[in-house]
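Okay, entry.pdb now, which holds PDB, C-alpha atoms and all ligand atoms:
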ATOM      1  CA  MET Y   1      92.129  64.292 -50.401
ATOM      2  CA  PRO Y   2      91.725  61.954 -47.393
ATOM      3  CA  ARG Y   3      89.486  58.959 -47.747
ATOM      4  CA  PRO Y   4      86.245  59.038 -45.739
ATOM      5  CA  ARG Y   5      86.786  57.331 -42.399
ATOM      6  CA  ARG Y   6      84.097  54.728 -42.709
ATOM      7  CA  SER Y   7      85.319  52.571 -39.891
ATOM      8  CA  ALA Y   8      85.283  55.467 -37.447
ATOM      9  CA  ALA Y   9      81.744  56.304 -38.513
ATOM     10  CA  LEU Y  10      80.678  52.711 -38.000
ATOM     11  CA  VAL Y  11      82.164  52.604 -34.532
ATOM     12  CA  ALA Y  12      80.367  55.834 -33.667
ATOM     13  CA  LEU Y  13      77.108  54.352 -34.923
ATOM     14  CA  LEU Y  14      77.565  51.219 -32.852
ATOM     15  CA  LEU Y  15      78.272  53.284 -29.774
ATOM     16  CA  VAL Y  16      75.126  55.315 -30.330
ATOM     17  CA  THR Y  17      73.098  52.160 -30.841
ATOM     18  CA  ALA Y  18      74.540  50.569 -27.727
ATOM     19  CA  GLY Y  19      73.556  53.670 -25.803
ATOM     20  CA  CYS Y  20      69.929  53.046 -26.733
ATOM     21  CA  THR Y  21      69.516  49.882 -24.743
ATOM     22  CA  GLY Y  22      67.876  51.906 -22.041
ATOM     23  CA  PRO Y  23      68.797  53.758 -18.914
ATOM     24  CA  ALA Y  24      70.893  51.915 -16.413
ATOM     25  CA  SER Y  25      68.822  50.661 -13.547
ATOM     26  CA  ASP Y  26      69.727  51.836 -10.121
ATOM     27  CA  GLY Y  27      70.035  48.217  -9.159
ATOM     28  CA  ASP Y  28      67.619  47.978  -6.277
ATOM     29  CA  GLY Y  29      64.778  46.753  -8.463
ATOM     30  CA  THR Y  30      62.362  49.503  -7.555
ATOM     31  CA  ALA Y  31      60.221  51.182 -10.173
ATOM     32  CA  PRO Y  32      61.232  54.632 -11.367
ATOM     33  CA  ALA Y  33      59.912  57.464  -9.274
ATOM     34  CA  VAL Y  34      56.405  58.440 -10.233
ATOM     35  CA  ASN Y  35      54.544  61.640  -9.667
ATOM     36  CA  PRO Y  36      52.762  60.993  -6.358
ATOM     37  CA  THR Y  37      49.809  63.081  -7.487
ATOM     38  CA  ALA Y  38      49.301  61.014 -10.647
ATOM     39  CA  SER Y  39      46.279  58.778 -10.711
ATOM     40  CA  PRO Y  40      46.912  55.175  -9.783
ATOM     41  CA  PRO Y  41      46.708  52.727 -12.706
ATOM     42  CA  SER Y  42      43.411  51.392 -11.436
ATOM     43  CA  SER Y  43      41.777  54.650 -12.488
ATOM     44  CA  ALA Y  44      42.095  53.442 -16.068
ATOM     45  CA  SER Y  45      39.079  51.290 -15.412
ATOM     46  CA  GLY Y  46      37.362  54.068 -13.483
ATOM     47  CA  SER Y  47      35.442  56.988 -14.843
ATOM     48  CA  ASP Y  48      38.221  59.205 -16.222
ATOM     49  CA  PRO Y  49      38.914  58.091 -19.797
ATOM     50  CA  SER Y  50      41.857  60.481 -20.107
ATOM     51  CA  ALA Y  51      43.690  58.226 -17.642
ATOM     52  CA  ILE Y  52      43.799  55.545 -20.344
ATOM     53  CA  THR Y  53      46.998  55.820 -22.335
ATOM     54  CA  TYR Y  54      48.484  53.723 -25.097
ATOM     55  CA  ALA Y  55      51.633  53.004 -23.141
ATOM     56  CA  ASP Y  56      50.071  52.056 -19.818
ATOM     57  CA  THR Y  57      46.796  50.438 -20.770
ATOM     58  CA  ILE Y  58      46.412  49.671 -24.447
ATOM     59  CA  ARG Y  59      49.798  48.354 -25.487
ATOM     60  CA  PRO Y  60      50.013  45.687 -22.771
ATOM     61  CA  MET Y  61      46.697  44.251 -23.962
ATOM     62  CA  LEU Y  62      47.701  44.330 -27.620
ATOM     63  CA  GLU Y  63      51.050  42.868 -26.762
ATOM     64  CA  ASP Y  64      49.487  39.646 -25.582
ATOM     65  CA  ALA Y  65      46.824  39.354 -28.245
ATOM     66  CA  CYS Y  66      48.144  41.060 -31.358
ATOM     67  CA  LEU Y  67      51.789  42.029 -31.479
ATOM     68  CA  ALA Y  68      53.062  38.606 -32.448
ATOM     69  CA  CYS Y  69      51.548  39.275 -35.860
ATOM     70  CA  HIS Y  70      51.293  43.069 -35.853
ATOM     71  CA  GLY Y  71      54.629  44.042 -34.400
ATOM     72  CA  ARG Y  72      57.216  46.351 -35.816
ATOM     73  CA  TRP Y  73      58.827  43.997 -38.305
ATOM     74  CA  PHE Y  74      56.844  42.681 -41.294
ATOM     75  CA  PRO Y  75      53.437  43.161 -39.664
ATOM     76  CA  GLN Y  76      50.450  41.324 -41.118
ATOM     77  CA  ALA Y  77      48.414  43.492 -43.492
ATOM     78  CA  SER Y  78      51.123  46.156 -42.951
ATOM     79  CA  LEU Y  79      49.438  47.074 -39.676
ATOM     80  CA  SER Y  80      51.937  47.661 -36.899
ATOM     81  CA  MET Y  81      50.429  48.121 -33.455
ATOM     82  CA  ASP Y  82      53.788  48.568 -31.858
ATOM     83  CA  THR Y  83      53.099  52.269 -31.389
ATOM     84  CA  ARG Y  84      50.090  54.530 -31.183
ATOM     85  CA  ASP Y  85      51.212  56.137 -34.445
ATOM     86  CA  GLY Y  86      51.245  52.749 -36.104
ATOM     87  CA  LEU Y  87      47.589  52.258 -35.210
ATOM     88  CA  ILE Y  88      46.647  55.683 -36.490
ATOM     89  CA  GLU Y  89      48.615  55.211 -39.685
ATOM     90  CA  GLY Y  90      46.880  51.876 -40.055
ATOM     91  CA  GLY Y  91      47.505  49.077 -42.491
ATOM     92  CA  ARG Y  92      46.516  47.970 -45.930
ATOM     93  CA  SER Y  93      42.864  48.863 -45.367
ATOM     94  CA  GLY Y  94      43.352  52.266 -43.786
ATOM     95  CA  PRO Y  95      43.597  53.748 -40.295
ATOM     96  CA  ALA Y  96      43.010  51.329 -37.434
ATOM     97  CA  VAL Y  97      42.328  54.196 -35.030
ATOM     98  CA  LEU Y  98      40.774  57.598 -35.650
ATOM     99  CA  PRO Y  99      41.213  59.578 -32.432
ATOM    100  CA  GLY Y 100      37.846  60.670 -31.060
ATOM    101  CA  GLU Y 101      35.902  58.345 -33.334
ATOM    102  CA  PRO Y 102      35.735  54.925 -31.693
ATOM    103  CA  ASP Y 103      33.250  53.529 -34.172
ATOM    104  CA  LYS Y 104      35.479  54.199 -37.157
ATOM    105  CA  GLY Y 105      38.764  52.513 -37.927
ATOM    106  CA  TRP Y 106      39.641  48.874 -38.087
ATOM    107  CA  LEU Y 107      40.794  48.286 -34.540
ATOM    108  CA  ILE Y 108      37.377  48.244 -32.874
ATOM    109  CA  HIS Y 109      35.952  46.404 -35.858
ATOM    110  CA  SER Y 110      38.536  43.659 -35.584
ATOM    111  CA  ILE Y 111      38.058  43.053 -31.864
ATOM    112  CA  THR Y 112      34.263  43.120 -31.916
ATOM    113  CA  VAL Y 113      33.184  41.601 -35.226
ATOM    114  CA  GLU Y 114      31.840  38.064 -34.944
ATOM    115  CA  ASP Y 115      33.175  36.727 -38.190
ATOM    116  CA  GLY Y 116      35.091  37.475 -41.312
ATOM    117  CA  ARG Y 117      38.659  37.951 -42.362
ATOM    118  CA  TYR Y 118      39.302  40.845 -39.964
ATOM    119  CA  ARG Y 119      38.049  39.093 -36.867
ATOM    120  CA  MET Y 120      41.085  39.302 -34.574
ATOM    121  CA  PRO Y 121      43.002  37.559 -33.345
ATOM    122  CA  PRO Y 122      42.318  34.937 -36.019
ATOM    123  CA  VAL Y 123      42.724  32.165 -33.454
ATOM    124  CA  GLY Y 124      42.950  32.092 -29.689
ATOM    125  CA  ASP Y 125      41.463  34.245 -26.963
ATOM    126  CA  ARG Y 126      39.830  37.488 -27.928
ATOM    127  CA  LEU Y 127      39.958  40.646 -25.849
ATOM    128  CA  THR Y 128      37.435  40.610 -23.033
ATOM    129  CA  PRO Y 129      34.420  42.953 -23.096
ATOM    130  CA  GLU Y 130      36.167  45.032 -20.413
ATOM    131  CA  GLN Y 131      39.253  45.350 -22.585
ATOM    132  CA  VAL Y 132      37.180  46.263 -25.634
ATOM    133  CA  SER Y 133      35.473  48.927 -23.555
ATOM    134  CA  LEU Y 134      38.844  50.329 -22.480
ATOM    135  CA  VAL Y 135      40.001  50.511 -26.091
ATOM    136  CA  ARG Y 136      36.779  52.227 -27.086
ATOM    137  CA  ARG Y 137      37.061  54.800 -24.306
ATOM    138  CA  TRP Y 138      40.734  55.370 -25.085
ATOM    139  CA  ILE Y 139      39.893  56.187 -28.704
ATOM    140  CA  ALA Y 140      36.930  58.346 -27.698
ATOM    141  CA  ALA Y 141      39.144  60.370 -25.367
ATOM    142  CA  GLY Y 142      41.570  61.121 -28.189
ATOM    143  CA  ALA Y 143      43.770  58.021 -28.241
ATOM    144  CA  ARG Y 144      46.723  59.506 -26.410
TER
HETATM  145  C1  LIG V   1      48.101  34.949 -35.834
HETATM  146  C2  LIG V   1      48.416  36.253 -36.403
HETATM  147  C3  LIG V   1      47.515  37.419 -36.034
HETATM  148  C4  LIG V   1      47.198  37.891 -34.789
HETATM  149  C5  LIG V   1      47.593  37.312 -33.441
HETATM  150  C6  LIG V   1      46.417  39.083 -34.993
HETATM  151  N1  LIG V   1      46.274  39.329 -36.320
HETATM  152 FE1  LIG V   1      45.324  40.912 -37.167
HETATM  153  N2  LIG V   1      45.733  40.206 -39.014
HETATM  154  C7  LIG V   1      46.364  39.016 -39.280
HETATM  155  C8  LIG V   1      46.315  38.765 -40.708
HETATM  156  C9  LIG V   1      46.908  37.528 -41.427
HETATM  157  C10 LIG V   1      45.611  39.840 -41.283
HETATM  158  C11 LIG V   1      45.236  40.020 -42.751
HETATM  159  C12 LIG V   1      43.887  39.347 -42.946
HETATM  160  C13 LIG V   1      43.383  39.444 -44.362
HETATM  161  O1  LIG V   1      43.818  40.324 -45.094
HETATM  162  O2  LIG V   1      42.533  38.627 -44.723
HETATM  163  C14 LIG V   1      45.292  40.739 -40.198
HETATM  164  C15 LIG V   1      44.624  41.931 -40.366
HETATM  165  C16 LIG V   1      44.239  42.753 -39.337
HETATM  166  C17 LIG V   1      43.575  44.025 -39.502
HETATM  167  C18 LIG V   1      43.235  44.689 -40.836
HETATM  168  C19 LIG V   1      44.394  45.578 -41.229
HETATM  169  C20 LIG V   1      44.242  46.202 -42.595
HETATM  170  O3  LIG V   1      44.536  47.418 -42.704
HETATM  171  O4  LIG V   1      43.858  45.500 -43.550
HETATM  172  C21 LIG V   1      43.326  44.524 -38.250
HETATM  173  C22 LIG V   1      42.638  45.829 -37.894
HETATM  174  C23 LIG V   1      43.855  43.570 -37.313
HETATM  175  N3  LIG V   1      44.402  42.515 -38.001
HETATM  176  C24 LIG V   1      43.779  43.727 -35.947
HETATM  177  C25 LIG V   1      44.271  42.792 -35.044
HETATM  178  C26 LIG V   1      44.125  42.942 -33.613
HETATM  179  C27 LIG V   1      43.459  44.122 -32.912
HETATM  180  C28 LIG V   1      44.719  41.853 -33.060
HETATM  181  C29 LIG V   1      44.774  41.495 -31.588
HETATM  182  C30 LIG V   1      43.514  41.506 -30.878
HETATM  183  C31 LIG V   1      45.225  41.025 -34.140
HETATM  184  N4  LIG V   1      44.933  41.633 -35.332
HETATM  185  C32 LIG V   1      45.899  39.836 -33.973
HETATM  186  C33 LIG V   1      46.990  38.197 -38.369
HETATM  187  C34 LIG V   1      46.911  38.335 -36.998
END
Represent the structure contained in this file as structure tokens.
Amino acid sequence: MPRPRRSAALVALLLVTAGCTGPASDGDGTAPAVNPTASPPSSASGSDPSAITYADTIRPMLEDACLACHGRWFPQASLSMDTRDGLIEGGRSGPAVLPGEPDKGWLIHSITVEDGRYRMPPVGDRLTPEQVSLVRRWIAAGAR
């Protein structure tokens, strides 16, 4: 009966993990090719709410204001905003986002409420009214 080859398995795991550091860049510093018919990012602030996505619009805002405390590792109140799913799953108090229902869930509450323990961020600059409006429209359009 051969012993399990733990070291080989570990090496394989490390190789897989190393492979996850992202695609190699083509070196010329240009952005990846985008669909030329896709809407430009500026449309996120225009009239089509479906152009607002977590990855392109919402996460960059949360990254500055929230992710230091609500990131992937040991997030405050168990609320990780690192992914859209994390927001929907929510934290200690329940879902932060309910797709289609911008006035429910803790996310809008926390960025609009004037006072209280869930006023966020606890210190420092809050999201601007324009950013709050983007978040609201993103949720209303289904939070994709
Ligand atoms: C400096 C750290 C810090 C930052 C930055 C921060 N939070 Fe928090 N957040 C907390 C803490 C601490 C709590 C728990 C508060 C309590 O339970 O009294 C919390 C709780 C919350 C909750 C309630 C979660 C639950 O389920 O109970 C929400 C929603 C929330 N934060 C949203 C945000 C948003 C949105 C931002 C960015 C605009 C943000 N937070 C930025 C520290 C932070």
**Request:** Using all atoms listed in the file, find each protein or nucleic acid residue lying at most 8 Å from ligand LIG 1 (chain V); present the set as a VMD selection string.
**Result:** chain Y and resid 62 64 to 70 76 to 79 90 to 96 105 to 111 117 to 124 126 to 127
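Checking Y:Ala140, Y:Met61, Y:Ile88, Y:Val132 one by one against Gly100 in chain Y, counting all atoms listed in the file, you find the shortest gap at Y:Ala140.
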**Message:** When the PyMOL selection byres (((chain Y and resi 47-60) around 12) and not hetatm) is applied to the structure above, which residues does it catch, written out as number ranges by chain?
**Reply:** Y: 38-46, 61-67, 70-71, 80-88, 97, 99-100, 107, 127, 130-144
